[in-house]
Every structure is written in structure tokens, then in C-alpha cells.
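So this one's input_23.txt, compact mmCIF, C-alpha atoms and all ligand atoms:
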# COMPACT_ATOMS: atom_id res chain seq x y z
CA MET A 17 84.99 134.79 101.53
CA LEU A 18 86.21 131.24 102.04
CA LEU A 19 89.26 131.84 99.86
CA GLN A 20 90.07 135.02 101.80
CA VAL A 21 90.05 133.03 105.00
CA LEU A 22 92.22 130.39 103.37
CA ASN A 23 94.73 132.90 102.05
CA HIS A 24 94.89 134.59 105.37
CA LEU A 25 95.78 131.38 107.10
CA GLY A 26 98.00 129.90 104.43
CA MET A 27 95.70 126.92 104.26
CA GLU A 28 94.90 127.14 100.59
CA GLN A 29 97.50 124.59 99.59
CA VAL A 30 96.16 122.17 102.13
CA PHE A 31 92.72 122.83 100.77
CA TYR A 32 93.63 122.29 97.15
CA SER A 33 95.56 119.12 97.86
CA LEU A 34 92.42 117.72 99.43
CA PHE A 35 90.04 119.30 96.95
CA ARG A 36 89.73 116.40 94.54
CA GLY A 37 88.72 113.87 97.14
CA HIS A 38 86.12 116.18 98.53
CA VAL A 39 84.68 117.63 95.35
CA LEU A 40 81.42 115.73 95.57
CA ARG A 41 80.88 116.63 99.17
CA MET A 42 81.67 120.22 98.39
CA LEU A 43 79.06 120.36 95.64
CA LEU A 44 76.53 118.93 98.05
CA PHE A 45 77.64 121.50 100.59
CA LEU A 46 77.18 124.37 98.14
CA LEU A 47 73.80 123.08 97.04
CA HIS A 48 72.37 122.29 100.42
CA GLY A 49 74.41 124.22 102.93
CA ALA A 50 76.28 122.97 105.93
CA SER A 51 73.14 122.41 107.95
CA MET A 52 72.05 119.57 105.64
CA ASN A 53 73.56 116.98 107.94
CA ASN A 54 75.78 116.76 110.97
CA GLU A 55 78.70 115.30 109.10
CA LEU A 56 81.70 117.57 109.11
CA ASP A 57 83.26 118.22 105.73
CA LEU A 58 86.43 120.08 104.90
CA CYS A 59 84.61 123.30 103.97
CA THR A 60 82.77 123.41 107.28
CA LEU A 61 85.98 122.57 109.10
CA ILE A 62 87.79 125.52 107.55
CA GLN A 63 84.87 127.90 108.04
CA ASP A 64 84.29 126.87 111.63
CA PHE A 65 87.86 126.26 112.77
CA GLY A 66 90.00 128.35 110.43
CA SER A 67 91.49 130.53 113.16
CA GLU A 68 93.04 130.13 116.60
CA GLU A 69 90.20 132.06 118.16
CA LYS A 70 87.50 129.84 116.66
CA CYS A 71 89.38 126.70 117.72
CA ARG A 72 89.85 128.05 121.23
CA THR A 73 86.14 128.94 121.55
CA TYR A 74 85.20 125.43 120.39
CA LEU A 75 87.56 123.79 122.89
CA GLU A 76 86.08 125.96 125.62
CA LYS A 77 82.54 124.78 124.73
CA LEU A 78 83.58 121.13 124.58
CA ARG A 79 85.47 121.34 127.83
CA TRP A 80 82.85 123.31 129.80
CA PRO A 81 79.48 122.71 128.11
CA LYS A 82 77.70 124.30 131.10
CA GLY A 83 80.02 127.34 131.26
CA VAL A 84 83.64 127.81 132.30
CA HIS A 85 84.61 126.32 135.66
CA CYS A 86 87.85 126.81 137.55
CA PRO A 87 90.01 123.65 137.24
CA SER A 88 91.52 124.41 140.64
CA CYS A 89 88.49 125.02 142.90
CA GLY A 90 85.50 124.25 140.64
CA SER A 91 83.94 127.71 140.99
CA ASP A 92 81.92 129.10 138.07
CA LYS A 93 82.61 132.72 139.06
CA ILE A 94 85.09 133.46 136.33
CA SER A 95 86.40 136.67 134.72
CA ARG A 96 87.80 136.67 131.22
CA ILE A 97 91.19 138.23 130.47
CA THR A 98 90.50 138.61 126.76
CA ALA A 99 93.87 140.04 125.77
CA ARG A 100 95.69 136.96 127.06
CA ASN A 101 93.03 134.36 126.20
CA GLN A 102 92.84 133.52 129.87
CA PHE A 103 90.35 133.19 132.66
CA ASP A 104 90.71 134.44 136.22
CA CYS A 105 88.88 132.59 138.98
CA ASP A 106 87.08 135.12 141.22
CA ALA A 107 87.05 132.62 144.09
CA CYS A 108 90.68 131.45 144.24
CA ARG A 109 92.40 133.81 141.74
CA TYR A 110 93.74 130.87 139.73
CA GLN A 111 94.46 131.91 136.16
CA PHE A 112 93.99 129.43 133.37
CA SER A 113 93.22 129.10 129.67
CA ALA A 114 90.88 126.84 127.65
CA THR A 115 93.83 124.59 126.83
CA ALA A 116 95.38 124.52 130.34
CA GLY A 117 96.01 121.00 131.58
CA THR A 118 95.13 119.46 128.21
CA ILE A 119 97.19 117.88 125.46
CA PHE A 120 97.03 121.20 123.54
CA HIS A 121 98.67 123.24 126.26
CA ASP A 122 102.39 123.00 125.72
CA THR A 123 102.20 122.54 122.00
CA HIS A 124 103.89 124.99 119.69
CA LEU A 125 101.56 123.90 116.95
CA PRO A 126 98.68 126.24 116.09
CA LEU A 127 95.34 124.83 117.21
CA TRP A 128 93.97 124.81 113.68
CA LYS A 129 96.72 122.33 112.71
CA TRP A 130 95.63 120.06 115.56
CA PHE A 131 92.04 120.34 114.33
CA LEU A 132 92.95 119.66 110.70
CA ALA A 133 95.18 116.69 111.63
CA THR A 134 92.40 115.21 113.78
CA TYR A 135 89.93 115.66 110.94
CA LEU A 136 92.27 113.99 108.44
CA LEU A 137 92.94 111.01 110.74
CA CYS A 138 89.20 110.60 111.36
CA GLU A 139 88.30 110.80 107.69
CA SER A 140 91.01 108.76 105.96
CA ARG A 141 89.67 105.22 105.79
CA LYS A 142 93.09 103.64 105.53
CA GLY A 143 94.85 106.07 107.82
CA MET A 144 97.42 108.71 106.96
CA SER A 145 101.18 108.51 107.09
CA ALA A 146 103.23 111.01 109.07
CA ASN A 147 104.93 111.93 105.79
CA GLN A 148 101.67 112.90 104.14
CA LEU A 149 100.51 114.73 107.24
CA SER A 150 103.75 116.71 107.41
CA ARG A 151 103.32 117.82 103.78
CA MET A 152 99.72 118.84 104.34
CA LEU A 153 100.31 120.69 107.60
CA LYS A 154 103.69 122.11 106.60
CA THR A 155 105.38 120.73 109.68
CA THR A 156 108.50 118.68 110.09
CA TYR A 157 108.17 114.91 109.83
CA LYS A 158 108.95 114.60 113.53
CA THR A 159 106.14 116.98 114.49
CA ALA A 160 103.63 115.20 112.23
CA TRP A 161 104.71 111.80 113.54
CA TYR A 162 104.39 112.86 117.16
CA LEU A 163 101.07 114.62 116.48
CA SER A 164 99.53 111.60 114.78
CA HIS A 165 100.65 109.32 117.63
CA ARG A 166 99.05 111.59 120.21
CA ILE A 167 95.76 111.72 118.26
CA ARG A 168 95.95 107.94 117.81
CA ALA A 169 96.47 107.45 121.57
CA ALA A 170 93.39 109.57 122.27
CA MET A 171 91.33 107.36 119.95
CA LEU A 172 91.97 104.31 122.13
CA GLU A 173 88.79 102.76 123.50
CA THR A 174 89.64 102.22 127.15
CA THR A 175 86.71 100.00 128.08
CA PRO A 176 85.34 98.44 124.91
CA GLU A 177 82.13 96.39 125.21
CA LYS A 178 82.34 92.69 124.62
CA LEU A 179 81.08 91.46 121.27
CA GLY A 180 77.98 89.28 120.87
CA GLY A 181 75.50 88.02 118.26
CA THR A 182 77.29 86.44 115.32
CA VAL A 183 81.05 86.91 115.55
CA GLU A 184 83.77 85.97 113.10
CA ILE A 185 87.31 85.28 114.27
CA ASP A 186 90.36 84.98 112.08
CA GLU A 187 94.10 85.55 112.29
CA THR A 188 96.46 87.30 109.94
CA TYR A 189 100.18 88.00 109.76
CA ILE A 190 101.72 91.40 109.23
CA GLY A 191 105.06 92.50 107.85
CA GLY A 192 108.42 91.26 108.87
CA LYS A 193 110.87 91.25 106.01
CA PRO A 194 114.12 89.64 107.16
CA ARG A 195 116.98 92.13 107.64
CA LYS A 196 119.58 89.60 106.55
CA TRP A 197 119.02 86.71 104.21
CA ARG A 198 119.47 84.17 106.97
CA ASP A 199 117.08 85.87 109.44
CA ARG A 200 113.66 84.44 109.86
CA PRO A 201 110.97 86.98 109.00
CA GLU A 202 109.45 88.54 112.11
CA LYS A 203 105.80 88.24 111.30
CA GLN A 204 103.38 89.83 113.73
CA VAL A 205 100.17 88.00 114.54
CA VAL A 206 96.92 89.96 114.49
CA ILE A 207 93.70 88.36 115.71
CA GLY A 208 90.56 89.92 114.24
CA ILE A 209 87.14 89.55 115.84
CA ARG A 210 84.17 91.11 114.13
CA GLN A 211 80.58 91.16 115.22
CA ARG A 212 78.35 91.04 112.15
CA ASN A 213 76.78 94.47 111.66
CA GLY A 214 78.75 95.58 114.68
CA ASP A 215 82.19 96.35 116.01
CA LEU A 216 85.62 95.14 115.09
CA ARG A 217 88.56 94.30 117.35
CA LEU A 218 92.09 93.90 116.00
CA ILE A 219 94.49 92.57 118.60
CA HIS A 220 98.24 92.19 118.32
CA ALA A 221 98.93 88.70 119.68
CA GLU A 222 102.21 87.31 120.93
CA ASP A 223 101.62 84.19 118.85
CA ALA A 224 98.76 82.27 117.27
CA LYS A 225 98.69 79.47 119.82
CA SER A 226 95.37 78.32 121.28
CA ALA A 227 96.23 79.49 124.81
CA THR A 228 96.97 83.04 123.57
CA VAL A 229 93.88 83.16 121.38
CA ARG A 230 91.76 81.82 124.27
CA GLU A 231 92.69 84.83 126.43
CA ILE A 232 91.89 87.22 123.57
CA ILE A 233 88.50 85.57 122.99
CA LYS A 234 87.75 85.66 126.71
CA ALA A 235 88.51 89.38 126.86
CA ASN A 236 86.53 90.32 123.75
CA ILE A 237 83.52 88.01 123.35
CA GLY A 238 80.62 88.22 125.81
CA SER A 239 78.17 85.59 127.04
CA HIS A 240 75.51 87.04 124.69
CA VAL A 241 77.33 85.54 121.68
CA GLU A 242 75.06 83.39 119.49
CA VAL A 243 77.28 82.06 116.70
CA ILE A 244 81.07 81.94 116.35
CA VAL A 245 82.43 81.45 112.84
CA THR A 246 86.07 80.60 112.08
CA ASP A 247 87.96 78.71 109.43
CA GLU A 248 89.02 75.13 110.08
CA SER A 249 92.28 76.11 111.77
CA ALA A 250 93.18 73.82 114.65
CA ILE A 251 93.62 76.86 116.94
CA TYR A 252 89.94 77.50 117.58
CA PRO A 253 88.55 74.21 118.96
CA TRP A 254 91.16 74.56 121.72
CA ALA A 255 90.68 78.27 122.20
CA LEU A 256 86.91 78.20 122.78
CA ASN A 257 85.26 77.35 126.08
CA LYS A 258 82.51 74.73 126.40
CA MET A 259 79.64 77.14 125.81
CA GLN A 260 81.41 78.72 122.83
CA LYS A 261 82.18 75.30 121.29
CA ASN A 262 78.44 74.61 121.02
CA LEU A 263 78.05 77.80 118.99
CA HIS A 264 81.09 77.20 116.78
CA ARG A 265 80.65 76.91 112.99
CA THR A 266 83.57 76.47 110.60
CA ILE A 267 84.12 77.16 106.95
CA ASN A 268 86.51 75.10 104.89
CA HIS A 269 88.36 77.66 102.80
CA SER A 270 89.87 75.08 100.49
CA LYS A 271 86.34 74.25 99.32
CA HIS A 272 84.42 77.53 99.47
CA TYR A 273 84.47 81.00 100.98
CA ALA A 274 80.93 80.96 102.26
CA HIS A 275 78.38 78.34 103.09
CA GLY A 276 75.18 80.30 103.54
CA ASP A 277 75.71 82.44 106.61
CA VAL A 278 78.83 80.57 107.61
CA HIS A 279 81.72 82.71 106.44
CA THR A 280 84.47 84.95 107.76
CA ASN A 281 84.20 87.47 104.94
CA THR A 282 83.49 90.50 107.11
CA VAL A 283 86.58 90.05 109.33
CA GLU A 284 88.66 89.33 106.22
CA SER A 285 87.50 92.57 104.60
CA ALA A 286 88.72 94.39 107.74
CA PHE A 287 92.09 92.61 107.38
CA SER A 288 92.38 93.71 103.76
CA LEU A 289 91.69 97.33 104.77
CA LEU A 290 94.36 97.00 107.48
CA LYS A 291 96.88 95.59 105.05
CA ARG A 292 96.21 98.29 102.49
CA GLY A 293 96.69 100.80 105.31
CA ILE A 294 99.98 99.27 106.34
CA VAL A 295 101.33 98.70 102.84
CA GLY A 296 100.00 101.85 101.21
CA THR A 297 99.92 104.39 103.99
CA TRP A 298 102.16 103.59 106.88
CA HIS A 299 104.70 101.63 104.77
CA LYS A 300 106.42 100.13 107.71
CA VAL A 301 104.93 99.65 111.14
CA SER A 302 107.17 98.46 113.93
CA ALA A 303 105.95 95.79 116.32
CA LYS A 304 106.00 98.41 119.05
CA HIS A 305 103.56 100.75 117.31
CA LEU A 306 101.40 98.07 115.69
CA PRO A 307 98.84 98.00 118.56
CA ALA A 308 98.35 101.78 118.23
CA TYR A 309 97.71 101.49 114.49
CA LEU A 310 95.31 98.60 115.10
CA ASP A 311 93.40 100.68 117.64
CA GLU A 312 93.23 103.61 115.24
CA MET A 313 91.88 101.37 112.49
CA CYS A 314 89.24 99.88 114.83
CA PHE A 315 88.22 103.28 116.17
CA ARG A 316 87.60 104.62 112.67
CA PHE A 317 85.89 101.43 111.57
CA ASN A 318 83.62 101.25 114.61
CA ASN A 319 82.69 104.90 114.22
CA ARG A 320 82.01 104.67 110.50
CA LYS A 321 78.37 105.67 111.02
CA ASN A 322 79.01 108.26 113.72
CA PRO A 323 78.21 111.72 112.29
CA PHE A 324 79.90 113.33 115.31
CA LEU A 325 83.20 111.51 114.97
CA PHE A 326 85.31 114.68 114.79
CA ARG A 327 83.65 116.23 117.85
CA ASP A 328 83.89 112.96 119.80
CA THR A 329 87.58 112.65 118.95
CA MET A 330 88.19 116.24 120.06
CA ILE A 331 86.50 115.46 123.40
CA LYS A 332 88.77 112.43 123.79
CA LEU A 333 91.80 114.60 122.97
CA ILE A 334 90.84 117.14 125.65
CA ASP A 335 90.59 114.33 128.20
CA SER A 336 93.63 112.38 127.09
CA PRO A 337 96.89 112.43 129.04
CA ASN A 338 99.90 113.73 127.20
CA LEU A 339 101.91 111.05 125.51
CA GLU A 340 105.55 111.94 125.89
CA TYR A 341 107.84 111.85 122.89
CA LYS A 342 110.54 109.98 124.81
CA HIS A 343 108.00 107.27 125.69
CA LEU A 344 107.07 106.82 122.03
CA THR A 345 110.66 106.61 120.89
CA ALA A 346 111.87 104.34 123.71
CA LYS A 347 112.94 100.89 122.68
CA LEU A 348 110.50 98.07 123.50
CA SER A 349 112.82 96.79 126.21
CA ASP A 350 112.88 100.17 128.03
CA ALA A 351 109.18 100.94 127.53
CA ALA A 352 107.00 100.64 130.58
ZN ZN A 401 89.23 128.73 141.49

Show me the file's structure as C-alpha cells.
Amino acid sequence: MLLQVLNHLGMEQVFYSLFRGHVLRMLLFLLHGASMNNELDLCTLIQDFGSEEKCRTYLEKLRWPKGVHCPSCGSDKISRITARNQFDCDACRYQFSATAGTIFHDTHLPLWKWFLATYLLCESRKGMSANQLSRMLKTTYKTAWYLSHRIRAAMLETTPEKLGGTVEIDETYIGGKPRKWRDRPEKQVVIGIRQRNGDLRLIHAEDAKSATVREIIKANIGSHVEVIVTDESAIYPWALNKMQKNLHRTINHSKHYAHGDVHTNTVESAFSLLKRGIVGTWHKVSAKHLPAYLDEMCFRFNNRKNPFLFRDTMIKLIDSPNLEYKHLTAKLSDAA
């Protein structure tokens, strides 16, 4: 049955290319059934969202959990025009579809490709390149690139909570091979802040000066912080406020990596995941798009225990404004 569905949709190649990585999950799925847990696996994805109609019905439920409402007047007196996948508002006669006014509306891409791309970006720990996505979805590189940027933009946490408890702060440098031998490499600074057993923030900083780092710390660490761990870099004593200085512990990396609880190992492990993502997956990330990749990495990392990650990302996609292609491709100097 599953293979019939796959053949019908031309998804079998996609399925087989992903099969290896998912073989264990699939065995669990066959043994225990999809209801075993809430986590979405590839089999369930294909069964539940393997056609336009199924995707459309799901979007409708996510968008109007209490029943379809007219986007124009808010009325719930709606008639369905099944043949055209549309609704007709009985109160104001406005006609609309489940995708009207959302990011999915003007897309020429089938909905199941949106669903599969979202799933892949949620599930790939190190991220997925536009090249790989274009091979899997059988789209052009440009389409896959634009698609992944729009999904990435939807993943952005607009009002993240400030971190507290024990936090580790560290800085790292990304990329920047010189174009000519005499050019200085354009390294990008990334400040990482990780709450132990909690969330991660990766922030693209203009530089690694104390004044810059101070603003980043102010924006990301709350007054409920208990311990702040950094290395012995001279940046931090100047970047912390008076209260934070009293909570500051440092580790001397030339001597040891951890001194009991005093270490920055958890933020460094996030850096190594980021670097493997950039080196192995994205290959080359421009300074302009670096913040978007950092946000994507944080979103996935901070949702690592969320069994409803796919659904939550779909809800964010429905609510997200459309990111225009010309905005993404504009040079930094012209970008708003
Ligand atoms: Zn209406």
C-alpha cells in the first residue's frame, strides 16, 4: 500500500535515498505502529501527507482548529466549493482557500514538497544544503534554495526568553578564506550562549569587542542567572555588569578543559555542530545569510526534545510573512 502511494506520487526515490538513515525508526514503526509515540517519522509523513489533498486538509486543521473562519469578515458560516478546493463565505461572499494569504499560496511547488522539505530541515541535525534538497525534491537549485530560506525564516524565534541558571558564553570564528592572497580573511564572529540543560543562542556579532558582547549578553541573559562560565578571555570581565561579575567563573583552557562544574563544554559542543553544519552541509555561508543559519541551528537544537516539532514548524510557516526572493538575493548594502 505504502509503495503504491509512493509510486503514484513519484516519491519512491526520495524515500529510498532516505531509507538507510531511517531504517531503525522504520522497524520500530512496523513493530509498534505509528501511534507508539508522537514523533513524526518518514513513513508517517508519507502516509499522512503523501497527497495534495491530505496536505491541504492538514493545513486547514492547523489554520482553523475550531472550524473554518472567513479571513475577511471572521464569520464561521462557510460553504465548501469542493471542486476548486475553495470556501465561500455565506456572510460576505468572500472566496478563499486553505492556503490563501499564507506562504503556500503563490507557490508553484506541490504542498507535499513543502511538507517534505520542512520535515527534512527539522530532522537533519546539521542542516541540509540547497543542493541536497534540490536532488531529493527534484526541483531546481534555485527553488530549493528559496524554499529552504523561507522555511528557515519561519523558524526564527521572534521573542526568545532570556537565559538563566548556569550559562556558558564563548566566541568562535567562522569562514572567511581570502579571495586574493593579500586580502585579510573575513572571519565572522559568532557568540554562543548556552544555558546548561536549556536553550542555546548563537549570535552573529559585528566584532568580539567587550562593548559588542555586553549588548549581546544584556539581550540574552536574564536576572535569574546564577552562574556565568567563560574562558579567561579579556572580553568578558568588561562585558559583564556588576551583578554578573559576582557570578562569573572562568576556566583556563591552557591548563584544563573542565574544573568540576566550571567548563564551557556544552557551548563548545554546539559550536562544533555548527561548524560541521557549515563545513559539511552548507559549504559556504555568506555573512549576509549567517544569522539565518544560526537561527535555524538554534531552533532545531532548542526543539531537540519537542515531539511536535514538525507540526509546530508548520504552524509557524502558516503564520509567517512571505520572504521575497529579491530581498534574499539583494546585496547587504541594499538590504533593508
Ligand atoms: Zn466573510

Within 12 Å of ligand ZN 401 (chain A), which residues of chain A show up? Give each one with its shortest atom-to-atom distance in Å (one decimal) and the two atoms involved, counting only C-alpha atoms and all ligand atoms, rows by chain then rising residue number, as a tab-separated table.
residue	atom	partner	partner_atom	distance
A:Val84	CA	A:ZN401	ZN	10.8
A:His85	CA	A:ZN401	ZN	7.8
A:Cys86	CA	A:ZN401	ZN	4.6
A:Pro87	CA	A:ZN401	ZN	6.7
A:Ser88	CA	A:ZN401	ZN	5.0
A:Cys89	CA	A:ZN401	ZN	4.0
A:Gly90	CA	A:ZN401	ZN	5.9
A:Ser91	CA	A:ZN401	ZN	5.4
A:Asp92	CA	A:ZN401	ZN	8.1
A:Lys93	CA	A:ZN401	ZN	8.1
A:Ile94	CA	A:ZN401	ZN	8.1
A:Ser95	CA	A:ZN401	ZN	10.8
A:Phe103	CA	A:ZN401	ZN	10.0
A:Asp104	CA	A:ZN401	ZN	7.9
A:Cys105	CA	A:ZN401	ZN	4.6
A:Asp106	CA	A:ZN401	ZN	6.7
A:Ala107	CA	A:ZN401	ZN	5.2
A:Cys108	CA	A:ZN401	ZN	4.1
A:Arg109	CA	A:ZN401	ZN	6.0
A:Tyr110	CA	A:ZN401	ZN	5.3
A:Gln111	CA	A:ZN401	ZN	8.1
A:Phe112	CA	A:ZN401	ZN	9.4

Exercise. In terms of the shortest atom-to-atom distance over all atoms listed in the file, which of A:Ser140, A:Lys158, A:Leu306, A:Lys271 is closest to Leu218 in chain A?
Worked result: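 Once distances to Leu218 in chain A are computed over all atoms listed in the file, the minimum belongs to A:Leu306.
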
Problem set entry | Counting only C-alpha atoms, the option among A:Lys82, A:Lys203, A:His279, A:Lys77 closest to Ala221 in chain A |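 Of all the options, A:Lys203 lies closest to Ala221 in chain A.
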
May I ask for the distance between CA of Ile233 in chain A and CA of Asp328 in chain A, given in Å to one decimal place?
->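 Between CA of Ile233 in chain A and CA of Asp328 in chain A the gap works out to 28.0 Å.
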
Next on the checklist: Counting all atoms listed in the file, I want the residues whose atoms come within 12 Å of (100.9, 110.9, 116.8) in the file frame, returned as a PyMOL selection string.
Outcome noted: chain A and resi 119+130+133-134+137+143-147+149-150+157-171+305+308-309+312+333+338-341+343-345

From CA of Asn319 in chain A to CA of Leu127 in chain A the spacing works out at 23.8 Å

Judged by all atoms listed in the file, the minimum distance to Lys234 in chain A among A:Asn268, A:Ser67, A:Gly180, A:Ala286 is found for A:Gly180

### Query
Excluding same-chain residues fewer than 3 positions from Val241 in chain A, what lies within 8 Å of it counting all atoms listed in the file, as a PyMOL selection string?
chain A and resi 179-183+237-238+244

(message) Which residues are close to Thr280 in chain A, i.e. within 7 Å by only C-alpha atoms, leaving aside same-chain residues fewer than 5 positions away? Reply as number ranges by chain.
(response) A: 184, 245-246

- request: Could you tell me how far CA of His220 in chain A lies from CA of Trp254 in chain A, in Å and to one decimal?
  value: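 A separation of 19.3 Å between them.
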